[in-house]
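Structure file data00.txt (compact mmCIF, N, CA and C atoms) follows.
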# COMPACT_ATOMS: atom_id res chain seq x y z
N MET A 1 124.17 136.76 216.56
CA MET A 1 124.09 137.28 215.22
C MET A 1 123.37 136.25 214.36
N PHE A 2 122.41 136.74 213.66
CA PHE A 2 121.65 135.86 212.79
C PHE A 2 122.13 136.02 211.36
N LEU A 3 122.28 134.92 210.70
CA LEU A 3 122.68 134.94 209.30
C LEU A 3 121.48 134.49 208.47
N TRP A 4 121.07 135.37 207.65
CA TRP A 4 119.92 135.05 206.80
C TRP A 4 120.42 134.78 205.39
N LEU A 5 119.95 133.72 204.86
CA LEU A 5 120.31 133.34 203.50
C LEU A 5 119.03 133.34 202.67
N VAL A 6 119.02 134.18 201.68
CA VAL A 6 117.85 134.27 200.83
C VAL A 6 118.19 133.65 199.47
N ILE A 7 117.37 132.75 199.09
CA ILE A 7 117.59 132.08 197.80
C ILE A 7 116.36 132.29 196.94
N VAL A 8 116.60 132.75 195.77
CA VAL A 8 115.53 132.89 194.81
C VAL A 8 115.77 131.87 193.71
N LEU A 9 114.81 131.02 193.54
CA LEU A 9 114.94 129.96 192.56
C LEU A 9 113.86 130.16 191.51
N THR A 10 114.29 130.33 190.30
CA THR A 10 113.35 130.53 189.22
C THR A 10 113.50 129.40 188.22
N ILE A 11 112.40 128.74 187.99
CA ILE A 11 112.38 127.71 186.97
C ILE A 11 111.49 128.23 185.87
N SER A 12 112.08 128.41 184.70
CA SER A 12 111.28 128.91 183.59
C SER A 12 111.21 127.87 182.49
N VAL A 13 110.06 127.82 181.88
CA VAL A 13 109.86 126.93 180.77
C VAL A 13 109.70 127.78 179.53
N SER A 14 110.57 127.58 178.60
CA SER A 14 110.53 128.34 177.36
C SER A 14 109.46 127.74 176.45
N VAL A 15 108.52 128.58 176.05
CA VAL A 15 107.47 128.13 175.16
C VAL A 15 107.73 128.74 173.79
N SER A 16 108.11 127.91 172.88
CA SER A 16 108.34 128.40 171.52
C SER A 16 107.79 127.37 170.55
N SER A 17 107.21 127.86 169.51
CA SER A 17 106.65 126.93 168.53
C SER A 17 107.61 126.79 167.36
N HIS A 18 107.51 125.66 166.71
CA HIS A 18 108.31 125.39 165.53
C HIS A 18 107.37 125.22 164.35
N GLU A 19 107.85 125.60 163.19
CA GLU A 19 107.07 125.40 161.97
C GLU A 19 107.76 124.33 161.14
N HIS A 20 107.01 123.30 160.81
CA HIS A 20 107.52 122.17 160.04
C HIS A 20 106.91 122.24 158.65
N LYS A 21 107.75 122.19 157.62
CA LYS A 21 107.27 122.28 156.24
C LYS A 21 107.26 120.90 155.60
N LEU A 22 106.22 120.65 154.82
CA LEU A 22 106.03 119.34 154.22
C LEU A 22 105.46 119.48 152.82
N ASN A 23 106.10 118.81 151.86
CA ASN A 23 105.54 118.73 150.51
C ASN A 23 104.50 117.61 150.52
N TRP A 24 103.25 118.00 150.38
CA TRP A 24 102.11 117.08 150.50
C TRP A 24 101.74 116.60 149.10
N VAL A 25 102.34 115.48 148.70
CA VAL A 25 102.13 114.91 147.37
C VAL A 25 101.94 113.40 147.51
N VAL A 26 101.42 112.79 146.46
CA VAL A 26 101.29 111.34 146.44
C VAL A 26 102.71 110.76 146.38
N PRO A 27 103.05 109.87 147.31
CA PRO A 27 104.40 109.28 147.27
C PRO A 27 104.59 108.43 146.00
N PRO A 28 105.80 108.42 145.45
CA PRO A 28 106.05 107.56 144.28
C PRO A 28 105.78 106.09 144.63
N ALA A 29 105.35 105.33 143.66
CA ALA A 29 105.00 103.93 143.88
C ALA A 29 106.16 103.12 144.42
N ASN A 30 107.39 103.45 144.05
CA ASN A 30 108.56 102.68 144.50
C ASN A 30 109.22 103.26 145.75
N SER A 31 108.55 104.22 146.41
CA SER A 31 109.12 104.87 147.59
C SER A 31 109.03 103.95 148.81
N SER A 32 110.14 103.90 149.56
CA SER A 32 110.14 103.09 150.79
C SER A 32 109.79 103.93 152.01
N GLU A 33 109.79 105.25 151.86
CA GLU A 33 109.47 106.13 152.98
C GLU A 33 108.03 106.62 152.88
N SER A 34 107.42 106.83 154.04
CA SER A 34 106.06 107.32 154.09
C SER A 34 106.03 108.64 154.85
N PHE A 35 104.89 109.29 154.81
CA PHE A 35 104.72 110.51 155.60
C PHE A 35 104.83 110.20 157.08
N ASN A 36 104.41 109.00 157.50
CA ASN A 36 104.54 108.61 158.90
C ASN A 36 106.00 108.50 159.32
N ASP A 37 106.88 108.08 158.41
CA ASP A 37 108.32 108.06 158.70
C ASP A 37 108.81 109.48 158.95
N TRP A 38 108.39 110.41 158.10
CA TRP A 38 108.79 111.81 158.26
C TRP A 38 108.31 112.35 159.60
N ALA A 39 107.05 112.09 159.94
CA ALA A 39 106.47 112.62 161.17
C ALA A 39 107.10 111.99 162.41
N SER A 40 107.43 110.71 162.34
CA SER A 40 107.99 110.04 163.52
C SER A 40 109.42 110.49 163.83
N ASN A 41 110.08 111.12 162.88
CA ASN A 41 111.44 111.63 163.10
C ASN A 41 111.44 113.05 163.68
N LYS A 42 110.28 113.57 164.00
CA LYS A 42 110.16 114.93 164.55
C LYS A 42 109.47 114.86 165.91
N ARG A 43 109.71 115.89 166.73
CA ARG A 43 109.03 116.02 168.03
C ARG A 43 108.06 117.18 167.92
N PHE A 44 106.80 116.86 167.69
CA PHE A 44 105.77 117.87 167.58
C PHE A 44 105.24 118.19 168.97
N GLN A 45 105.11 119.49 169.26
CA GLN A 45 104.60 119.94 170.55
C GLN A 45 103.37 120.81 170.33
N VAL A 46 102.59 120.96 171.40
CA VAL A 46 101.45 121.87 171.36
C VAL A 46 101.98 123.25 170.99
N GLY A 47 101.34 123.90 170.03
CA GLY A 47 101.77 125.21 169.55
C GLY A 47 102.58 125.14 168.27
N ASP A 48 103.10 123.98 167.92
CA ASP A 48 103.84 123.83 166.66
C ASP A 48 102.89 123.95 165.49
N ILE A 49 103.46 124.30 164.35
CA ILE A 49 102.67 124.47 163.12
C ILE A 49 103.27 123.56 162.05
N ILE A 50 102.40 122.94 161.30
CA ILE A 50 102.85 122.19 160.13
C ILE A 50 102.31 122.91 158.90
N GLN A 51 103.20 123.12 157.93
CA GLN A 51 102.80 123.79 156.70
C GLN A 51 102.81 122.77 155.57
N PHE A 52 101.64 122.51 155.03
CA PHE A 52 101.49 121.59 153.90
C PHE A 52 101.58 122.40 152.61
N LYS A 53 102.49 122.00 151.71
CA LYS A 53 102.57 122.62 150.38
C LYS A 53 102.13 121.59 149.35
N TYR A 54 101.22 121.99 148.45
CA TYR A 54 100.68 121.05 147.47
C TYR A 54 100.05 121.81 146.32
N ARG A 55 99.76 121.07 145.22
CA ARG A 55 99.07 121.63 144.06
C ARG A 55 97.89 120.73 143.72
N LYS A 56 96.80 121.33 143.36
CA LYS A 56 95.60 120.61 142.92
C LYS A 56 95.30 119.43 143.84
N ASP A 57 95.24 119.70 145.11
CA ASP A 57 95.02 118.67 146.12
C ASP A 57 94.36 119.33 147.31
N SER A 58 94.27 118.62 148.40
CA SER A 58 93.75 119.17 149.64
C SER A 58 94.32 118.38 150.80
N VAL A 59 94.17 118.94 152.00
CA VAL A 59 94.59 118.26 153.21
C VAL A 59 93.41 118.27 154.17
N MET A 60 93.22 117.13 154.82
CA MET A 60 92.12 116.99 155.77
C MET A 60 92.64 116.40 157.06
N GLN A 61 92.13 116.92 158.17
CA GLN A 61 92.36 116.26 159.45
C GLN A 61 91.10 115.46 159.71
N VAL A 62 91.29 114.17 160.02
CA VAL A 62 90.16 113.26 160.18
C VAL A 62 90.29 112.45 161.46
N THR A 63 89.28 111.65 161.75
CA THR A 63 89.34 110.75 162.90
C THR A 63 90.23 109.55 162.59
N LYS A 64 90.55 108.80 163.60
CA LYS A 64 91.37 107.60 163.43
C LYS A 64 90.68 106.60 162.49
N GLY A 65 89.39 106.43 162.67
CA GLY A 65 88.63 105.52 161.81
C GLY A 65 88.64 105.96 160.35
N SER A 66 88.44 107.26 160.12
CA SER A 66 88.46 107.78 158.75
C SER A 66 89.85 107.65 158.14
N TYR A 67 90.87 107.83 158.97
CA TYR A 67 92.25 107.66 158.50
C TYR A 67 92.47 106.23 158.02
N LYS A 68 92.07 105.26 158.83
CA LYS A 68 92.28 103.85 158.49
C LYS A 68 91.53 103.46 157.21
N GLN A 69 90.35 104.03 157.02
CA GLN A 69 89.52 103.68 155.86
C GLN A 69 89.70 104.64 154.68
N CYS A 70 90.57 105.65 154.85
CA CYS A 70 90.73 106.69 153.82
C CYS A 70 89.38 107.31 153.47
N ASN A 71 88.60 107.61 154.50
CA ASN A 71 87.28 108.18 154.33
C ASN A 71 87.35 109.69 154.50
N SER A 72 87.04 110.41 153.41
CA SER A 72 87.14 111.88 153.44
C SER A 72 85.78 112.57 153.56
N SER A 73 84.74 111.83 153.93
CA SER A 73 83.39 112.41 153.92
C SER A 73 83.09 113.34 155.09
N HIS A 74 83.77 113.19 156.24
CA HIS A 74 83.48 114.06 157.39
C HIS A 74 84.78 114.55 158.04
N PRO A 75 85.50 115.43 157.36
CA PRO A 75 86.76 115.91 157.95
C PRO A 75 86.53 116.84 159.14
N ARG A 76 87.45 116.82 160.06
CA ARG A 76 87.43 117.79 161.17
C ARG A 76 87.99 119.13 160.70
N PHE A 77 88.88 119.06 159.71
CA PHE A 77 89.52 120.25 159.13
C PHE A 77 89.74 119.97 157.65
N TYR A 78 89.54 120.99 156.81
CA TYR A 78 89.73 120.84 155.37
C TYR A 78 90.36 122.12 154.82
N SER A 79 91.31 121.96 153.92
CA SER A 79 91.87 123.10 153.21
C SER A 79 92.37 122.66 151.84
N ASN A 80 92.20 123.54 150.86
CA ASN A 80 92.70 123.27 149.52
C ASN A 80 93.39 124.49 148.92
N THR A 81 94.02 125.28 149.77
CA THR A 81 94.64 126.54 149.34
C THR A 81 96.01 126.37 148.68
N GLY A 82 96.60 125.20 148.81
CA GLY A 82 97.93 124.97 148.23
C GLY A 82 99.06 125.21 149.21
N LYS A 83 98.78 125.97 150.24
CA LYS A 83 99.78 126.26 151.28
C LYS A 83 99.02 126.39 152.60
N THR A 84 98.78 125.25 153.23
CA THR A 84 97.96 125.19 154.44
C THR A 84 98.82 125.15 155.68
N ARG A 85 98.52 126.03 156.63
CA ARG A 85 99.20 126.02 157.93
C ARG A 85 98.21 125.49 158.96
N PHE A 86 98.66 124.47 159.71
CA PHE A 86 97.81 123.85 160.72
C PHE A 86 98.56 123.87 162.05
N MET A 87 97.94 124.44 163.10
CA MET A 87 98.59 124.52 164.40
C MET A 87 98.02 123.44 165.33
N PHE A 88 98.91 122.76 166.03
CA PHE A 88 98.51 121.72 166.97
C PHE A 88 98.16 122.37 168.31
N ASP A 89 96.92 122.19 168.76
CA ASP A 89 96.48 122.82 170.00
C ASP A 89 96.20 121.84 171.13
N HIS A 90 96.38 120.55 170.88
CA HIS A 90 96.20 119.53 171.92
C HIS A 90 97.30 118.48 171.79
N SER A 91 97.57 117.79 172.88
CA SER A 91 98.57 116.71 172.83
C SER A 91 97.86 115.38 172.59
N VAL A 92 97.50 115.18 171.33
CA VAL A 92 96.81 113.96 170.88
C VAL A 92 97.39 113.57 169.53
N PRO A 93 97.10 112.38 169.07
CA PRO A 93 97.48 112.05 167.69
C PRO A 93 96.56 112.78 166.71
N TYR A 94 97.13 113.33 165.66
CA TYR A 94 96.38 113.98 164.59
C TYR A 94 96.49 113.09 163.36
N TYR A 95 95.37 112.92 162.67
CA TYR A 95 95.32 112.06 161.49
C TYR A 95 95.02 112.94 160.27
N PHE A 96 95.89 112.87 159.26
CA PHE A 96 95.73 113.67 158.05
C PHE A 96 95.64 112.75 156.84
N ILE A 97 94.77 113.13 155.91
CA ILE A 97 94.69 112.43 154.63
C ILE A 97 94.52 113.46 153.52
N SER A 98 94.81 113.05 152.30
CA SER A 98 94.50 113.87 151.14
C SER A 98 93.02 113.74 150.86
N GLY A 99 92.40 114.83 150.43
CA GLY A 99 90.99 114.80 150.08
C GLY A 99 90.74 114.46 148.63
N THR A 100 91.80 114.33 147.85
CA THR A 100 91.65 113.98 146.44
C THR A 100 91.46 112.47 146.30
N SER A 101 90.48 112.09 145.55
CA SER A 101 90.12 110.68 145.40
C SER A 101 91.31 109.82 144.97
N GLY A 102 91.55 108.75 145.73
CA GLY A 102 92.61 107.80 145.43
C GLY A 102 93.97 108.12 146.01
N HIS A 103 94.20 109.35 146.43
CA HIS A 103 95.52 109.74 146.95
C HIS A 103 95.83 109.10 148.30
N CYS A 104 94.86 109.05 149.19
CA CYS A 104 95.08 108.44 150.50
C CYS A 104 95.46 106.97 150.35
N GLU A 105 94.74 106.27 149.48
CA GLU A 105 95.02 104.85 149.24
C GLU A 105 96.42 104.63 148.69
N LYS A 106 96.98 105.65 148.04
CA LYS A 106 98.34 105.55 147.49
C LYS A 106 99.40 106.01 148.49
N GLY A 107 98.98 106.29 149.72
CA GLY A 107 99.94 106.63 150.78
C GLY A 107 100.02 108.08 151.18
N GLN A 108 99.15 108.93 150.66
CA GLN A 108 99.16 110.34 151.04
C GLN A 108 98.30 110.52 152.28
N LYS A 109 98.87 110.05 153.40
CA LYS A 109 98.21 110.16 154.69
C LYS A 109 99.30 110.12 155.76
N MET A 110 98.96 110.63 156.95
CA MET A 110 99.99 110.77 157.98
C MET A 110 99.36 110.88 159.36
N ILE A 111 100.07 110.29 160.34
CA ILE A 111 99.71 110.44 161.76
C ILE A 111 100.79 111.28 162.41
N VAL A 112 100.38 112.31 163.12
CA VAL A 112 101.31 113.17 163.86
C VAL A 112 101.01 113.04 165.34
N GLU A 113 101.98 112.58 166.10
CA GLU A 113 101.86 112.48 167.56
C GLU A 113 102.34 113.80 168.15
N VAL A 114 101.48 114.47 168.90
CA VAL A 114 101.82 115.75 169.51
C VAL A 114 101.93 115.55 171.01
N ILE A 115 103.07 115.98 171.55
CA ILE A 115 103.30 115.84 172.99
C ILE A 115 102.99 117.16 173.69
N SER A 116 102.64 117.08 174.95
CA SER A 116 102.35 118.29 175.72
C SER A 116 103.65 118.90 176.20
N LEU A 117 103.60 120.15 176.58
CA LEU A 117 104.80 120.86 177.03
C LEU A 117 105.41 120.22 178.26
N ASP A 118 104.59 119.70 179.19
CA ASP A 118 105.14 119.12 180.41
C ASP A 118 105.88 117.81 180.13
N GLN A 119 105.66 117.18 178.98
CA GLN A 119 106.40 115.98 178.62
C GLN A 119 107.78 116.31 178.06
N THR A 120 108.01 117.58 177.71
CA THR A 120 109.29 117.96 177.12
C THR A 120 110.29 118.42 178.16
N THR A 121 109.83 118.75 179.36
CA THR A 121 110.76 119.16 180.40
C THR A 121 111.33 117.92 181.08
N THR A 122 112.53 118.03 181.57
CA THR A 122 113.13 116.87 182.22
C THR A 122 112.49 116.67 183.57
N SER A 123 112.16 115.44 183.89
CA SER A 123 111.46 115.16 185.13
C SER A 123 112.35 115.33 186.35
N SER A 124 113.68 115.36 186.18
CA SER A 124 114.56 115.49 187.33
C SER A 124 114.81 116.95 187.72
N ALA A 125 114.45 117.91 186.88
CA ALA A 125 114.75 119.32 187.17
C ALA A 125 114.07 119.85 188.42
N PRO A 126 112.76 119.78 188.55
CA PRO A 126 112.15 120.32 189.77
C PRO A 126 112.59 119.61 191.05
N PRO A 127 112.64 118.27 191.13
CA PRO A 127 113.10 117.65 192.36
C PRO A 127 114.55 118.00 192.69
N ALA A 128 115.42 118.09 191.70
CA ALA A 128 116.82 118.43 191.96
C ALA A 128 116.92 119.86 192.50
N ALA A 129 116.16 120.77 191.91
CA ALA A 129 116.17 122.15 192.40
C ALA A 129 115.63 122.22 193.81
N LEU A 130 114.61 121.44 194.10
CA LEU A 130 114.04 121.40 195.43
C LEU A 130 115.06 120.85 196.43
N ALA A 131 115.80 119.83 196.04
CA ALA A 131 116.81 119.23 196.92
C ALA A 131 117.90 120.25 197.26
N VAL A 132 118.33 121.03 196.26
CA VAL A 132 119.34 122.06 196.51
C VAL A 132 118.79 123.11 197.47
N LEU A 133 117.56 123.52 197.24
CA LEU A 133 116.94 124.52 198.11
C LEU A 133 116.84 124.03 199.55
N LEU A 134 116.41 122.79 199.75
CA LEU A 134 116.30 122.23 201.09
C LEU A 134 117.67 122.09 201.75
N CYS A 135 118.66 121.73 200.99
CA CYS A 135 120.02 121.59 201.52
C CYS A 135 120.54 122.95 202.02
N LEU A 136 120.34 123.99 201.19
CA LEU A 136 120.80 125.32 201.59
C LEU A 136 119.99 125.86 202.77
N PHE A 137 118.71 125.55 202.80
CA PHE A 137 117.87 125.98 203.92
C PHE A 137 118.34 125.32 205.22
N SER A 138 118.66 124.02 205.14
CA SER A 138 119.18 123.32 206.32
C SER A 138 120.49 123.91 206.78
N LEU A 139 121.34 124.28 205.84
CA LEU A 139 122.63 124.90 206.16
C LEU A 139 122.42 126.24 206.87
N SER A 140 121.45 127.04 206.37
CA SER A 140 121.19 128.33 206.99
C SER A 140 120.62 128.16 208.39
N LEU A 141 119.84 127.13 208.64
CA LEU A 141 119.31 126.88 209.97
C LEU A 141 120.42 126.51 210.95
N SER A 142 121.43 125.81 210.45
CA SER A 142 122.54 125.43 211.36
C SER A 142 123.33 126.66 211.78
N PHE A 143 123.38 127.70 210.92
CA PHE A 143 124.05 128.93 211.30
C PHE A 143 123.24 129.72 212.33
N VAL A 144 121.92 129.63 212.21
CA VAL A 144 121.03 130.36 213.12
C VAL A 144 121.10 129.75 214.52
N ALA A 145 121.13 128.46 214.58
CA ALA A 145 121.15 127.76 215.87
C ALA A 145 122.48 127.88 216.49
Show me this structure written as structure tokens.
Amino acid sequence: MFLWLVIVLTISVSVSSHEHKLNWVVPPANSSESFNDWASNKRFQVGDIIQFKYRKDSVMQVTKGSYKQCNSSHPRFYSNTGKTRFMFDHSVPYYFISGTSGHCEKGQKMIVEVISLDQTTTSSAPPAALAVLLCLFSLSLSFVA
């Protein structure tokens, strides 16, 4: 008599985006917190959206060099609608500055580190699942023999 053991193992990765809201204003002169502090306390993933809320200002995505120099002359992305939604489509650092003269120098700038989806899954899940599968397969072979 042969005993067959069928195991179906499904590993699913839930892909869901989060929307992060941010008041995009010049920080007060006596403020100890920066936009980088806000961003570093969050886990941004590919597909997430950041919503910038502001008045009489703009938001720009720029290169690292432009970020460091507060240079707004060649933005990769620009918006001045007052309520800008920006979706992260790559797992790279994103650099944002205000396009209003003098605002970046006063601290209205931010770096957002975006991680890829495969960095959010636990690295032990697939090998552990594989180990269980191999163990059960070995057990079923001992019944067959």
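If you look at atom C of A:Gly82 and atom N of A:Phe96, they are 16.2 Å away from each other.
The closest residue to A:Val112, picked from A:Thr84, A:Asn71, A:Asp48, A:Tyr94 and counting only N, CA and C atoms, is A:Tyr94.
Comparing the minimum interatomic distances between A:Ser79 and each of A:Ser66, A:Ser91, A:Gln61, A:Asn36, counting all atoms listed in the file, we find that A:Gln61 sits nearest.
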**OP:** Going by DSSP on the backbone, which bits of stretch 2-103 of chain A are strand (DSSP E or B)? Write them as number ranges by chain, please.
**Re:** A: 19-23, 44-45, 49-53, 59-62, 77-79, 83-87, 93-98
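For the residues A:His74, A:Lys109, A:Lys83, A:Lys21, ranking by smallest atom-to-atom distance to A:Lys56 using only C-alpha atoms places A:Lys83 first.
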Subject >> Counting only C-alpha atoms, the residue of A:Val25, A:Ile49, A:Ala39, A:Ile111 that sits nearest A:Thr63 >> reply: A:Ile111
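With only C-alpha atoms as the atoms that count, the residue of A:Asn80, A:Gln108, A:Gln45, A:Ser58 with the shortest distance to A:Val92 is A:Gln45.
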Original post:
What is the distance, in Å and to one decimal place, between atom CA of A:Arg55 and atom CA of A:Pro93?
Top reply: 25.5 Å
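A straight line drawn from atom C of A:Ser34 to atom C of A:Glu105 is 12.1 Å long.
Distance annotation: of A:Tyr78, A:Tyr95, A:Phe88, A:Trp24, the residue with the minimal separation from A:Lys64 is A:Tyr95; atom set is only C-alpha atoms.
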For A:Ser72, please output as a short mmCIF file (atom, residue, chain, number, x, y, z; two decimals) with N, CA and C atoms, in the coordinates of the input all residues within 8 Å (counting only N, CA and C atoms; exclusion window: fewer than 3 positions along the same chain).
data_model
loop_
_atom_site.label_atom_id
_atom_site.label_comp_id
_atom_site.auth_asym_id
_atom_site.auth_seq_id
_atom_site.Cartn_x
_atom_site.Cartn_y
_atom_site.Cartn_z
N MET A 60 93.22 117.13 154.82
CA MET A 60 92.12 116.99 155.77
C MET A 60 92.64 116.40 157.06
N VAL A 62 91.29 114.17 160.02
CA VAL A 62 90.16 113.26 160.18
C VAL A 62 90.29 112.45 161.46
N SER A 66 88.44 107.26 160.12
CA SER A 66 88.46 107.78 158.75
C SER A 66 89.85 107.65 158.14
N TYR A 67 90.87 107.83 158.97
CA TYR A 67 92.25 107.66 158.50
C TYR A 67 92.47 106.23 158.02
N GLN A 69 90.35 104.03 157.02
CA GLN A 69 89.52 103.68 155.86
C GLN A 69 89.70 104.64 154.68
N PRO A 75 85.50 115.43 157.36
CA PRO A 75 86.76 115.91 157.95
C PRO A 75 86.53 116.84 159.14
N ARG A 76 87.45 116.82 160.06
CA ARG A 76 87.43 117.79 161.17
C ARG A 76 87.99 119.13 160.70
N ILE A 97 94.77 113.13 155.91
CA ILE A 97 94.69 112.43 154.63
C ILE A 97 94.52 113.46 153.52
N SER A 98 94.81 113.05 152.30
CA SER A 98 94.50 113.87 151.14
C SER A 98 93.02 113.74 150.86
N GLY A 99 92.40 114.83 150.43
CA GLY A 99 90.99 114.80 150.08
C GLY A 99 90.74 114.46 148.63
N THR A 100 91.80 114.33 147.85
CA THR A 100 91.65 113.98 146.44
C THR A 100 91.46 112.47 146.30
#
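For A:Gly47, the set of protein, DNA and RNA residues having any atom at most 8 Å away, when counting all atoms listed in the file and skipping those fewer than 2 positions along the same chain, is Ser16, Ser17, His18, Glu19, Phe44, Gln45, Ile49, Ile50, Phe86, Met87, Phe88, Asp89, His90, Ser91, Ile115 and Leu117 of chain A.
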**OP:** Tell me, as an NGL selection string, which residues lie within 8 Å of A:Val26, counting only C-alpha atoms; anything in the same chain fewer than 2 positions away does not count.
**Re:** :A and (24 or 28 or 103-104 or 106-108)
